[in-house]
Each structure stands twice: as C-alpha cells, then as structure tokens.
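Engineer: One file: coords.cif (mmCIF, C-alpha atoms and all ligand atoms; chains and numbers go by the auth columns).
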```cif
data_model
#
loop_
_atom_site.group_PDB
_atom_site.id
_atom_site.type_symbol
_atom_site.label_atom_id
_atom_site.label_comp_id
_atom_site.label_asym_id
_atom_site.label_seq_id
_atom_site.Cartn_x
_atom_site.Cartn_y
_atom_site.Cartn_z
_atom_site.B_iso_or_equiv
_atom_site.auth_seq_id
_atom_site.auth_asym_id
ATOM 1 C CA MET A 1 6.234 -50.888 -5.696 0.00 630 V
ATOM 2 C CA LYS A 2 9.012 -49.011 -3.894 0.00 631 V
ATOM 3 C CA LYS A 3 9.070 -46.448 -6.655 0.00 632 V
ATOM 4 C CA SER A 4 5.397 -45.653 -6.279 0.00 633 V
ATOM 5 C CA ILE A 5 5.810 -45.116 -2.524 0.00 634 V
ATOM 6 C CA PHE A 6 8.670 -42.755 -3.221 0.00 635 V
ATOM 7 C CA LEU A 7 6.576 -40.799 -5.713 0.00 636 V
ATOM 8 C CA PHE A 8 3.736 -40.628 -3.231 0.00 637 V
ATOM 9 C CA ALA A 9 6.104 -39.227 -0.618 0.00 638 V
ATOM 10 C CA LEU A 10 7.362 -36.637 -3.102 0.00 639 V
ATOM 11 C CA ALA A 11 3.835 -35.598 -3.978 0.00 640 V
ATOM 12 C CA THR A 12 2.968 -35.247 -0.305 0.00 641 V
ATOM 13 C CA LEU A 13 5.999 -33.038 0.266 0.00 642 V
ATOM 14 C CA PHE A 14 5.090 -30.950 -2.723 0.00 643 V
ATOM 15 C CA PHE A 15 1.552 -30.323 -1.570 0.00 644 V
ATOM 16 C CA ALA A 16 2.675 -29.697 1.989 0.00 645 V
ATOM 17 C CA SER A 17 5.071 -26.970 0.914 0.00 646 V
ATOM 18 C CA CYS A 18 2.480 -25.422 -1.372 0.00 647 V
ATOM 19 C CA GLY A 19 0.077 -25.289 1.521 0.00 648 V
ATOM 20 C CA ASN A 20 2.612 -23.462 3.654 0.00 649 V
ATOM 21 C CA ASN A 21 3.252 -20.881 0.997 0.00 650 V
ATOM 22 C CA ALA A 22 -0.430 -20.243 0.565 0.00 651 V
ATOM 23 C CA SER A 23 -0.996 -19.689 4.260 0.00 652 V
ATOM 24 C CA THR A 24 1.927 -17.342 4.829 0.00 653 V
ATOM 25 C CA SER A 25 1.254 -15.077 1.903 0.00 654 V
ATOM 26 C CA ASP A 26 -1.847 -13.086 1.156 0.00 655 V
ATOM 27 C CA SER A 27 -0.503 -11.771 -2.104 0.00 656 V
ATOM 28 C CA SER A 28 -2.597 -12.452 -5.124 0.00 657 V
ATOM 29 C CA ALA A 29 -1.508 -14.521 -8.090 0.00 658 V
ATOM 30 C CA THR A 30 -1.284 -11.478 -10.331 0.00 659 V
ATOM 31 C CA GLU A 31 1.052 -9.741 -7.921 0.00 660 V
ATOM 32 C CA SER A 32 3.614 -12.530 -7.830 0.00 661 V
ATOM 33 C CA THR A 33 3.477 -12.966 -11.597 0.00 662 V
ATOM 34 C CA ASP A 34 4.217 -9.297 -12.083 0.00 663 V
ATOM 35 C CA THR A 35 7.210 -9.264 -9.767 0.00 664 V
ATOM 36 C CA GLU A 36 8.639 -12.390 -11.347 0.00 665 V
ATOM 37 C CA MET A 37 8.398 -11.093 -14.871 0.00 666 V
ATOM 38 C CA THR A 38 10.289 -7.845 -14.314 0.00 667 V
ATOM 39 C CA GLU A 39 13.426 -7.267 -12.281 0.00 668 V
ATOM 40 C CA GLU A 40 12.706 -3.599 -11.575 0.00 669 V
ATOM 41 C CA ALA A 41 10.079 -3.915 -8.909 0.00 670 V
ATOM 42 C CA PRO A 42 7.486 -1.112 -9.114 0.00 671 V
ATOM 43 C CA ALA A 43 5.871 -3.244 -11.757 0.00 672 V
ATOM 44 C CA ALA A 44 2.537 -3.500 -10.031 0.00 673 V
ATOM 45 C CA ALA A 45 -0.476 -3.530 -12.249 0.00 674 V
ATOM 46 C CA GLU A 46 -2.089 -0.133 -12.792 0.00 675 V
ATOM 47 C CA ASP A 47 -4.917 -1.064 -10.489 0.00 676 V
ATOM 48 C CA GLU A 48 -2.652 -2.206 -7.681 0.00 677 V
ATOM 49 C CA ALA A 49 -0.340 -0.359 -5.289 0.00 678 V
ATOM 50 C CA ILE A 50 2.195 -2.378 -3.324 0.00 679 V
ATOM 51 C CA VAL A 51 3.381 -0.605 -0.194 0.00 680 V
ATOM 52 C CA THR A 52 5.850 -1.721 2.456 0.00 681 V
ATOM 53 C CA ILE A 53 6.299 0.302 5.616 0.00 682 V
ATOM 54 C CA LYS A 54 8.697 -0.573 8.418 0.00 683 V
ATOM 55 C CA GLY A 55 8.554 0.233 12.103 0.00 684 V
ATOM 56 C CA ASP A 56 11.533 -0.119 14.429 0.00 685 V
ATOM 57 C CA ASP A 57 12.485 -0.185 18.104 0.00 686 V
ATOM 58 C CA ALA A 58 13.180 3.567 17.969 0.00 687 V
ATOM 59 C CA MET A 59 9.438 4.198 17.563 0.00 688 V
ATOM 60 C CA LYS A 60 9.727 5.327 13.955 0.00 689 V
ATOM 61 C CA TYR A 61 8.306 4.388 10.582 0.00 690 V
ATOM 62 C CA ASP A 62 10.812 4.320 7.726 0.00 691 V
ATOM 63 C CA ILE A 63 8.499 6.428 5.537 0.00 692 V
ATOM 64 C CA THR A 64 6.116 9.244 6.401 0.00 693 V
ATOM 65 C CA GLU A 65 4.424 9.602 3.050 0.00 694 V
ATOM 66 C CA ILE A 66 2.605 7.044 0.935 0.00 695 V
ATOM 67 C CA LYS A 67 1.182 7.844 -2.498 0.00 696 V
ATOM 68 C CA VAL A 68 -1.393 5.756 -4.315 0.00 697 V
ATOM 69 C CA LYS A 69 -4.016 6.321 -6.978 0.00 698 V
ATOM 70 C CA GLU A 70 -7.735 6.535 -6.420 0.00 699 V
ATOM 71 C CA GLY A 71 -9.477 3.186 -6.652 0.00 700 V
ATOM 72 C CA GLN A 72 -6.266 1.136 -6.595 0.00 701 V
ATOM 73 C CA THR A 73 -6.135 -2.007 -4.541 0.00 702 V
ATOM 74 C CA VAL A 74 -3.528 -1.231 -1.903 0.00 703 V
ATOM 75 C CA SER A 75 -1.507 -4.210 -0.662 0.00 704 V
ATOM 76 C CA LEU A 76 0.224 -2.873 2.416 0.00 705 V
ATOM 77 C CA THR A 77 2.809 -4.797 4.404 0.00 706 V
ATOM 78 C CA LEU A 78 3.909 -3.637 7.831 0.00 707 V
ATOM 79 C CA VAL A 79 7.293 -4.972 8.949 0.00 708 V
ATOM 80 C CA HIS A 80 8.547 -4.586 12.517 0.00 709 V
ATOM 81 C CA THR A 81 12.322 -4.527 12.080 0.00 710 V
ATOM 82 C CA GLY A 82 13.028 -4.302 15.810 0.00 711 V
ATOM 83 C CA LYS A 83 13.429 -6.905 18.527 0.00 712 V
ATOM 84 C CA ALA A 84 11.199 -5.557 21.297 0.00 713 V
ATOM 85 C CA PRO A 85 8.061 -7.562 22.116 0.00 714 V
ATOM 86 C CA VAL A 86 4.605 -6.346 21.139 0.00 715 V
ATOM 87 C CA ALA A 87 3.724 -5.391 24.716 0.00 716 V
ATOM 88 C CA ALA A 88 6.633 -2.933 24.907 0.00 717 V
ATOM 89 C CA MET A 89 6.999 -1.686 21.324 0.00 718 V
ATOM 90 C CA GLY A 90 3.889 -2.722 19.424 0.00 719 V
ATOM 91 C CA HIS A 91 3.293 -1.261 15.987 0.00 720 V
ATOM 92 C CA ASN A 92 0.249 -1.141 13.803 0.00 721 V
ATOM 93 C CA TRP A 93 -0.730 0.993 10.835 0.00 722 V
ATOM 94 C CA VAL A 94 -4.027 2.825 10.959 0.00 723 V
ATOM 95 C CA LEU A 95 -5.467 4.933 8.153 0.00 724 V
ATOM 96 C CA LEU A 96 -7.986 7.512 9.360 0.00 725 V
ATOM 97 C CA LYS A 97 -10.860 9.031 7.455 0.00 726 V
ATOM 98 C CA GLN A 98 -10.521 12.718 6.656 0.00 727 V
ATOM 99 C CA GLY A 99 -11.567 15.060 9.430 0.00 728 V
ATOM 100 C CA VAL A 100 -10.890 12.603 12.235 0.00 729 V
ATOM 101 C CA ASP A 101 -9.001 14.152 15.154 0.00 730 V
ATOM 102 C CA MET A 102 -5.827 12.080 15.453 0.00 731 V
ATOM 103 C CA GLU A 103 -5.141 13.178 19.030 0.00 732 V
ATOM 104 C CA LYS A 104 -8.617 12.181 20.113 0.00 733 V
ATOM 105 C CA PHE A 105 -8.323 8.851 18.309 0.00 734 V
ATOM 106 C CA ALA A 106 -4.892 8.090 19.789 0.00 735 V
ATOM 107 C CA THR A 107 -6.068 8.973 23.293 0.00 736 V
ATOM 108 C CA ALA A 108 -9.055 6.644 23.005 0.00 737 V
ATOM 109 C CA ALA A 109 -6.806 3.925 21.557 0.00 738 V
ATOM 110 C CA ILE A 110 -4.822 3.707 24.805 0.00 739 V
ATOM 111 C CA ASN A 111 -7.705 1.724 26.307 0.00 740 V
ATOM 112 C CA ALA A 112 -8.272 -0.470 23.249 0.00 741 V
ATOM 113 C CA LYS A 113 -5.440 -2.970 23.670 0.00 742 V
ATOM 114 C CA ASP A 114 -7.769 -5.946 23.214 0.00 743 V
ATOM 115 C CA ASN A 115 -8.939 -4.558 19.849 0.00 744 V
ATOM 116 C CA ASP A 116 -5.517 -3.908 18.252 0.00 745 V
ATOM 117 C CA TYR A 117 -5.612 -0.385 19.709 0.00 746 V
ATOM 118 C CA ILE A 118 -8.643 0.537 17.606 0.00 747 V
ATOM 119 C CA PRO A 119 -11.292 2.078 19.891 0.00 748 V
ATOM 120 C CA LYS A 120 -14.465 0.077 19.300 0.00 749 V
ATOM 121 C CA ASP A 121 -16.680 3.157 19.176 0.00 750 V
ATOM 122 C CA MET A 122 -14.371 4.801 16.628 0.00 751 V
ATOM 123 C CA GLU A 123 -14.056 1.929 14.157 0.00 752 V
ATOM 124 C CA GLY A 124 -16.125 4.043 11.767 0.00 753 V
ATOM 125 C CA ASP A 125 -13.299 6.582 11.671 0.00 754 V
ATOM 126 C CA VAL A 126 -10.892 4.044 10.208 0.00 755 V
ATOM 127 C CA ILE A 127 -10.463 3.280 6.499 0.00 756 V
ATOM 128 C CA ALA A 128 -8.085 0.364 7.060 0.00 757 V
ATOM 129 C CA HIS A 129 -5.722 -0.931 9.712 0.00 758 V
ATOM 130 C CA THR A 130 -3.311 -3.768 10.357 0.00 759 V
ATOM 131 C CA LYS A 131 -3.090 -5.785 13.522 0.00 760 V
ATOM 132 C CA THR A 132 -0.505 -4.832 16.136 0.00 761 V
ATOM 133 C CA ILE A 133 2.820 -6.670 15.882 0.00 762 V
ATOM 134 C CA GLY A 134 6.076 -6.964 17.815 0.00 763 V
ATOM 135 C CA GLY A 135 9.733 -7.161 16.806 0.00 764 V
ATOM 136 C CA GLY A 136 10.532 -9.489 13.914 0.00 765 V
ATOM 137 C CA GLU A 137 6.908 -9.802 12.842 0.00 766 V
ATOM 138 C CA THR A 138 5.199 -8.872 9.592 0.00 767 V
ATOM 139 C CA THR A 139 1.563 -8.361 8.757 0.00 768 V
ATOM 140 C CA ASP A 140 -0.314 -7.278 5.676 0.00 769 V
ATOM 141 C CA ILE A 141 -3.661 -5.931 4.599 0.00 770 V
ATOM 142 C CA GLU A 142 -5.449 -5.152 1.386 0.00 771 V
ATOM 143 C CA PHE A 143 -7.953 -2.358 0.877 0.00 772 V
ATOM 144 C CA THR A 144 -9.272 -0.059 -1.806 0.00 773 V
ATOM 145 C CA ALA A 145 -7.731 3.406 -1.973 0.00 774 V
ATOM 146 C CA PRO A 146 -10.341 6.010 -1.040 0.00 775 V
ATOM 147 C CA ALA A 147 -11.222 9.188 -2.955 0.00 776 V
ATOM 148 C CA LYS A 148 -8.486 11.638 -3.979 0.00 777 V
ATOM 149 C CA GLY A 149 -7.102 13.607 -1.073 0.00 778 V
ATOM 150 C CA THR A 150 -4.708 13.501 1.844 0.00 779 V
ATOM 151 C CA TYR A 151 -5.289 11.240 4.823 0.00 780 V
ATOM 152 C CA ASP A 152 -3.476 10.687 8.120 0.00 781 V
ATOM 153 C CA PHE A 153 -1.938 7.393 9.161 0.00 782 V
ATOM 154 C CA LEU A 154 -0.486 6.488 12.529 0.00 783 V
ATOM 155 C CA CYS A 155 0.581 3.773 14.894 0.00 784 V
ATOM 156 C CA SER A 156 -2.109 3.791 17.585 0.00 785 V
ATOM 157 C CA PHE A 157 -0.034 1.942 20.207 0.00 786 V
ATOM 158 C CA PRO A 158 -0.002 4.170 23.311 0.00 787 V
ATOM 159 C CA GLY A 159 2.318 7.148 22.873 0.00 788 V
ATOM 160 C CA HIS A 160 3.567 6.183 19.416 0.00 789 V
ATOM 161 C CA HIS A 161 1.647 8.562 17.150 0.00 790 V
ATOM 162 C CA ALA A 162 3.894 11.442 18.262 0.00 791 V
ATOM 163 C CA THR A 163 6.670 9.985 16.123 0.00 792 V
ATOM 164 C CA MET A 164 4.849 7.315 14.114 0.00 793 V
ATOM 165 C CA LYS A 165 2.549 9.130 11.739 0.00 794 V
ATOM 166 C CA GLY A 166 2.411 10.269 8.158 0.00 795 V
ATOM 167 C CA LYS A 167 0.373 11.250 5.163 0.00 796 V
ATOM 168 C CA PHE A 168 -1.429 8.888 2.838 0.00 797 V
ATOM 169 C CA ILE A 169 -1.931 10.729 -0.419 0.00 798 V
ATOM 170 C CA VAL A 170 -4.462 9.557 -2.985 0.00 799 V
ATOM 171 C CA GLU A 171 -3.973 11.073 -6.431 0.00 800 V
HETATM 172 CO CO CO B . 4.117 1.644 17.295 0.00 1 R
#
```
Kindly transcribe the structure held in the file into structure tokens.
Ligand code: CO
Structural biologist:
Amino acid sequence: MKKSIFLFALATLFFASCGNNASTSDSSATESTDTEMTEEAPAAAEDEAIVTIKGDDAMKYDITEIKVKEGQTVSLTLVHTGKAPVAAMGHNWVLLKQGVDMEKFATAAINAKDNDYIPKDMEGDVIAHTKTIGGGETTDIEFTAPAKGTYDFLCSFPGHHATMKGKFIVE
C-alpha cells in the first residue's frame, strides 16, 4: 500500500519534470539526439542549421555574420547576456527581405514597441524575427532559410541597429 503511493508520487514527479522540459525548449527531438550522440557540436543534420547569437548591455551582437544553406531549417536562439531590463536595452533579431531599406525599417520600428518593434505595415518585409527580450533572457525561433543570397539582420529596438546588425548569408 505505502509502496504504491510512493511509486505514484515518483511517477507524478517524473511527468511534472518532463512537462517542464517540453515547455522550456522548442528544440526538436532530432536536434537533441544529434547533440547527444556527438561531442563535437556542429553535428546538426544536413537539413538543419543551429545558430546562437548573443546580445549584451553594450548594444552589440557577438557575431555579425551567419551562414546557412538554402532550404535548411534554421533554429536560431537569441541570448541577452546583459542585465539591463527590456525597456532600457531590449534586443530582438530581425531578418529582412532583400531590398528592404534598413534605415527606413528601423525608423518605423521606433513606434512599434507593442509589436516587438516590428512595424505592422512592414511585416511583409520580414523573413523571420524573434520577440524582444531583456537582460538574462533567451528566446528562439525556427524558420526556413530563404533562397541563396545575402540578407540583412538587425536589432530593431530604437537606436540599436547602428551597432547591432549583420549579414545573413544563404549558400
Ligand atoms: Co537591441
């Protein structure tokens, strides 16, 4: 009798922790299997590109160039390594379609705080974007790499694109 209650409690704990893991991670089953099987990490499947980009309190990304292959599923994680709150030092990651004027987009984004700094009438200019996060936060997105070519990415938080921008290269 006591033993069965104990087992029930164990099972409950087990399922509770599984549930937590599932809700905090968007990564697919294949992704985690791949990283577990090989120590050297760039072991993503051919059809998947795993990208991590960090933003800090100095208004900088840690990388300014990202390379993926056409048609790959891009799993991109944005990490805010700083401490400043989102209202003061918010970061997002926005990938623009080719030919979009970054200055024009960034200027319009100043008034789009309630839409993660994506101007509602320019959503069609965006291939993919994360939400806007503050210090200590992490967010991730998944999207399909567009056609071969070079694309601009930026943080569209007011004033940030001057230092927070880079090239997204699809090969
Ligand atoms: Co920013």
Engineer: Which residues of chain V have any atom within 7 Å of an atom in ligand CO 1 (chain R) when counting all atoms listed in the file, and what is the closest pair of atoms for each, with the distance in Å to one decimal? Order the rows by chain and rising number and write it as JSON lines.
Structural biologist:
```
{"residue": "V:Gly684", "atom": "CA", "partner": "R:CO1", "partner_atom": "CO", "distance": 7.0}
{"residue": "V:Met688", "atom": "CA", "partner": "R:CO1", "partner_atom": "CO", "distance": 5.9}
{"residue": "V:Met718", "atom": "CA", "partner": "R:CO1", "partner_atom": "CO", "distance": 6.0}
{"residue": "V:Gly719", "atom": "CA", "partner": "R:CO1", "partner_atom": "CO", "distance": 4.9}
{"residue": "V:His720", "atom": "CA", "partner": "R:CO1", "partner_atom": "CO", "distance": 3.3}
{"residue": "V:Asn721", "atom": "CA", "partner": "R:CO1", "partner_atom": "CO", "distance": 5.9}
{"residue": "V:Cys784", "atom": "CA", "partner": "R:CO1", "partner_atom": "CO", "distance": 4.8}
{"residue": "V:Ser785", "atom": "CA", "partner": "R:CO1", "partner_atom": "CO", "distance": 6.6}
{"residue": "V:Phe786", "atom": "CA", "partner": "R:CO1", "partner_atom": "CO", "distance": 5.1}
{"residue": "V:His789", "atom": "CA", "partner": "R:CO1", "partner_atom": "CO", "distance": 5.0}
{"residue": "V:Met793", "atom": "CA", "partner": "R:CO1", "partner_atom": "CO", "distance": 6.5}
```
Engineer: Please enumerate the residues selected by the PyMOL selection byres (((chain V and resi 755) around 10) and not hetatm) when evaluated against the supplied file, formatted as a PDB file with C-alpha atoms, in the frame of the given file.
Structural biologist:
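Okay, this is what ended up in selection.pdb:
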```pdb
ATOM      1  CA  VAL V 723      -4.027   2.825  10.959  1.00  0.00           C
ATOM      2  CA  LEU V 724      -5.467   4.933   8.153  1.00  0.00           C
ATOM      3  CA  LEU V 725      -7.986   7.512   9.360  1.00  0.00           C
ATOM      4  CA  LYS V 726     -10.860   9.031   7.455  1.00  0.00           C
ATOM      5  CA  GLN V 727     -10.521  12.718   6.656  1.00  0.00           C
ATOM      6  CA  VAL V 729     -10.890  12.603  12.235  1.00  0.00           C
ATOM      7  CA  PHE V 734      -8.323   8.851  18.309  1.00  0.00           C
ATOM      8  CA  ILE V 747      -8.643   0.537  17.606  1.00  0.00           C
ATOM      9  CA  PRO V 748     -11.292   2.078  19.891  1.00  0.00           C
ATOM     10  CA  MET V 751     -14.371   4.801  16.628  1.00  0.00           C
ATOM     11  CA  GLU V 752     -14.056   1.929  14.157  1.00  0.00           C
ATOM     12  CA  GLY V 753     -16.125   4.043  11.767  1.00  0.00           C
ATOM     13  CA  ASP V 754     -13.299   6.582  11.671  1.00  0.00           C
ATOM     14  CA  ILE V 756     -10.463   3.280   6.499  1.00  0.00           C
ATOM     15  CA  ALA V 757      -8.085   0.364   7.060  1.00  0.00           C
ATOM     16  CA  HIS V 758      -5.722  -0.931   9.712  1.00  0.00           C
ATOM     17  CA  PHE V 782      -1.938   7.393   9.161  1.00  0.00           C
TER      18      PHE V 782
END
```
Engineer: Work out how far CA of Asp676 in chain V is from CA of Thr702 in chain V, in Å to one decimal.
Structural biologist: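 Answer for the CA of Thr702 in chain V to CA of Asp676 in chain V separation: 6.1 Å.
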Engineer: Find the residues near range 710-715 of chain V: any atom within 12 Å, counting only C-alpha atoms, skip ones fewer than 2 places away on the same chain, and give them as number ranges by chain.
Structural biologist: V: 681-691, 707-708, 717-721, 742, 745-746, 760-768, 786-787
Engineer: Write out, as a tab-separated table (two decimals), in the frame of the given file, the residues just selected, with C-alpha atoms.
Structural biologist:
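Result file follows (selection-v5.tsv):
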```tsv
chain	number	residue	atom	x	y	z
V	681	THR	CA	5.85	-1.72	2.46
V	682	ILE	CA	6.30	0.30	5.62
V	683	LYS	CA	8.70	-0.57	8.42
V	684	GLY	CA	8.55	0.23	12.10
V	685	ASP	CA	11.53	-0.12	14.43
V	686	ASP	CA	12.48	-0.18	18.10
V	687	ALA	CA	13.18	3.57	17.97
V	688	MET	CA	9.44	4.20	17.56
V	689	LYS	CA	9.73	5.33	13.96
V	690	TYR	CA	8.31	4.39	10.58
V	691	ASP	CA	10.81	4.32	7.73
V	707	LEU	CA	3.91	-3.64	7.83
V	708	VAL	CA	7.29	-4.97	8.95
V	717	ALA	CA	6.63	-2.93	24.91
V	718	MET	CA	7.00	-1.69	21.32
V	719	GLY	CA	3.89	-2.72	19.42
V	720	HIS	CA	3.29	-1.26	15.99
V	721	ASN	CA	0.25	-1.14	13.80
V	742	LYS	CA	-5.44	-2.97	23.67
V	745	ASP	CA	-5.52	-3.91	18.25
V	746	TYR	CA	-5.61	-0.38	19.71
V	760	LYS	CA	-3.09	-5.78	13.52
V	761	THR	CA	-0.50	-4.83	16.14
V	762	ILE	CA	2.82	-6.67	15.88
V	763	GLY	CA	6.08	-6.96	17.82
V	764	GLY	CA	9.73	-7.16	16.81
V	765	GLY	CA	10.53	-9.49	13.91
V	766	GLU	CA	6.91	-9.80	12.84
V	767	THR	CA	5.20	-8.87	9.59
V	768	THR	CA	1.56	-8.36	8.76
V	786	PHE	CA	-0.03	1.94	20.21
V	787	PRO	CA	0.00	4.17	23.31
```
Engineer: Calculate how many Å separate CA of Val799 in chain V from CA of Glu677 in chain V, rounding to one decimal.
Structural biologist: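 Computed distance, CA of Val799 in chain V to CA of Glu677 in chain V, equals 12.8 Å.
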Engineer: Point out the residue among V:Asp781, V:Asp743, V:Glu771, V:Glu699 with the least atom-to-atom distance to Met731 in chain V, counting all atoms listed in the file.
Structural biologist: V:Asp781
Engineer: Identify which of the residues V:Thr779, V:Glu732, V:Thr759, V:Asp769 lies closest to Thr706 in chain V, counting only C-alpha atoms when measuring atom-to-atom distances.
Structural biologist: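 Between V:Thr779, V:Glu732, V:Thr759, V:Asp769, the residue approaching Thr706 in chain V most closely is V:Asp769.
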Engineer: Identify which of the residues V:Leu705, V:Leu783, V:Ala776, V:Ile798 lies closest to Asp730 in chain V, counting only C-alpha atoms when measuring atom-to-atom distances.
Structural biologist: V:Leu783
Engineer: Go ahead and compute the interatomic distance for CA of His790 in chain V and CA of Val697 in chain V, in Å to one decimal.
Structural biologist: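 For CA of His790 in chain V relative to CA of Val697 in chain V, the distance reads 21.9 Å.
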Engineer: Give the answer as one residue: which of V:Gly728, V:Ile770, V:Lys749, V:Glu675 has the shortest atom-to-atom distance to Ser704 in chain V, using all atoms listed in the file?
Structural biologist: V:Ile770
Engineer: Which residue, V:Tyr780, V:Asp750, V:Asn740, V:Gly788, has the smallest gap to Ile695 in chain V when you use only C-alpha atoms?
Structural biologist: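 The shortest atom-to-atom distance to Ile695 in chain V comes from V:Tyr780.
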Engineer: Calculated over only C-alpha atoms, which of the candidates V:Val680, V:Ala674, V:Ala735, V:Ala791 has the smallest distance to Val703 in chain V?
Structural biologist: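 Ranked by minimum distance to Val703 in chain V, first place goes to V:Val680.
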Engineer: Quick one: what's the axis-aligned box for range 723-740 of chain V, all listed atoms, 3 Å on every side, centre and edges in Å to one decimal, as lines of an AutoDock Vina configuration file?
Structural biologist:
```
center_x = -7.8
center_y = 8.4
center_z = 16.5
size_x = 13.5
size_y = 19.3
size_z = 25.7
```
Engineer: Could I get range 747-755 of chain V rebuilt with all heavy atoms, written as a compact mmCIF listing (two decimals), in the coordinates of the input?
Structural biologist:
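Result file is result-v1.txt:
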```txt
# COMPACT_ATOMS: atom_id res chain seq x y z
N ILE V 747 -7.62 -0.18 18.37
CA ILE V 747 -8.64 0.54 17.61
C ILE V 747 -9.84 0.69 18.54
O ILE V 747 -10.49 -0.31 18.88
CB ILE V 747 -9.08 -0.25 16.35
CG1 ILE V 747 -7.88 -0.63 15.46
CG2 ILE V 747 -10.13 0.54 15.57
CD1 ILE V 747 -7.12 0.53 14.89
N PRO V 748 -10.14 1.90 18.99
CA PRO V 748 -11.29 2.08 19.89
C PRO V 748 -12.57 1.58 19.21
O PRO V 748 -12.87 1.97 18.08
CB PRO V 748 -11.35 3.60 20.12
CG PRO V 748 -10.05 4.13 19.63
CD PRO V 748 -9.50 3.16 18.65
N LYS V 749 -13.28 0.71 19.92
CA LYS V 749 -14.46 0.08 19.30
C LYS V 749 -15.49 1.10 18.83
O LYS V 749 -16.10 0.92 17.78
CB LYS V 749 -15.09 -0.91 20.28
CG LYS V 749 -14.28 -2.20 20.36
CD LYS V 749 -15.14 -3.40 20.71
CE LYS V 749 -14.36 -4.70 20.45
NZ LYS V 749 -14.09 -5.46 21.65
N ASP V 750 -15.67 2.18 19.58
CA ASP V 750 -16.68 3.16 19.18
C ASP V 750 -16.15 4.14 18.13
O ASP V 750 -16.85 5.07 17.73
CB ASP V 750 -17.22 3.91 20.40
CG ASP V 750 -16.13 4.65 21.15
OD1 ASP V 750 -14.93 4.40 20.87
OD2 ASP V 750 -16.45 5.48 22.01
N MET V 751 -14.91 3.93 17.67
CA MET V 751 -14.37 4.80 16.63
C MET V 751 -13.94 3.98 15.40
O MET V 751 -13.21 4.49 14.54
CB MET V 751 -13.18 5.60 17.17
CG MET V 751 -13.58 6.59 18.26
SD MET V 751 -12.18 7.49 18.98
CE MET V 751 -12.11 8.93 17.92
N GLU V 752 -14.42 2.76 15.31
CA GLU V 752 -14.06 1.93 14.16
C GLU V 752 -14.53 2.57 12.85
O GLU V 752 -13.93 2.37 11.81
CB GLU V 752 -14.62 0.51 14.32
CG GLU V 752 -13.78 -0.32 15.28
CD GLU V 752 -14.32 -1.72 15.52
OE1 GLU V 752 -15.52 -1.96 15.25
OE2 GLU V 752 -13.54 -2.58 15.98
N GLY V 753 -15.60 3.35 12.94
CA GLY V 753 -16.12 4.04 11.77
C GLY V 753 -15.23 5.16 11.27
O GLY V 753 -15.43 5.69 10.18
N ASP V 754 -14.24 5.53 12.07
CA ASP V 754 -13.30 6.58 11.67
C ASP V 754 -12.10 6.03 10.91
O ASP V 754 -11.22 6.78 10.49
CB ASP V 754 -12.76 7.30 12.92
CG ASP V 754 -13.85 8.12 13.62
OD1 ASP V 754 -14.89 8.37 12.99
OD2 ASP V 754 -13.63 8.50 14.78
N VAL V 755 -12.06 4.71 10.78
CA VAL V 755 -10.89 4.04 10.21
C VAL V 755 -11.19 3.52 8.80
O VAL V 755 -12.21 2.86 8.59
CB VAL V 755 -10.47 2.88 11.14
CG1 VAL V 755 -9.35 2.06 10.50
CG2 VAL V 755 -10.04 3.42 12.50
```
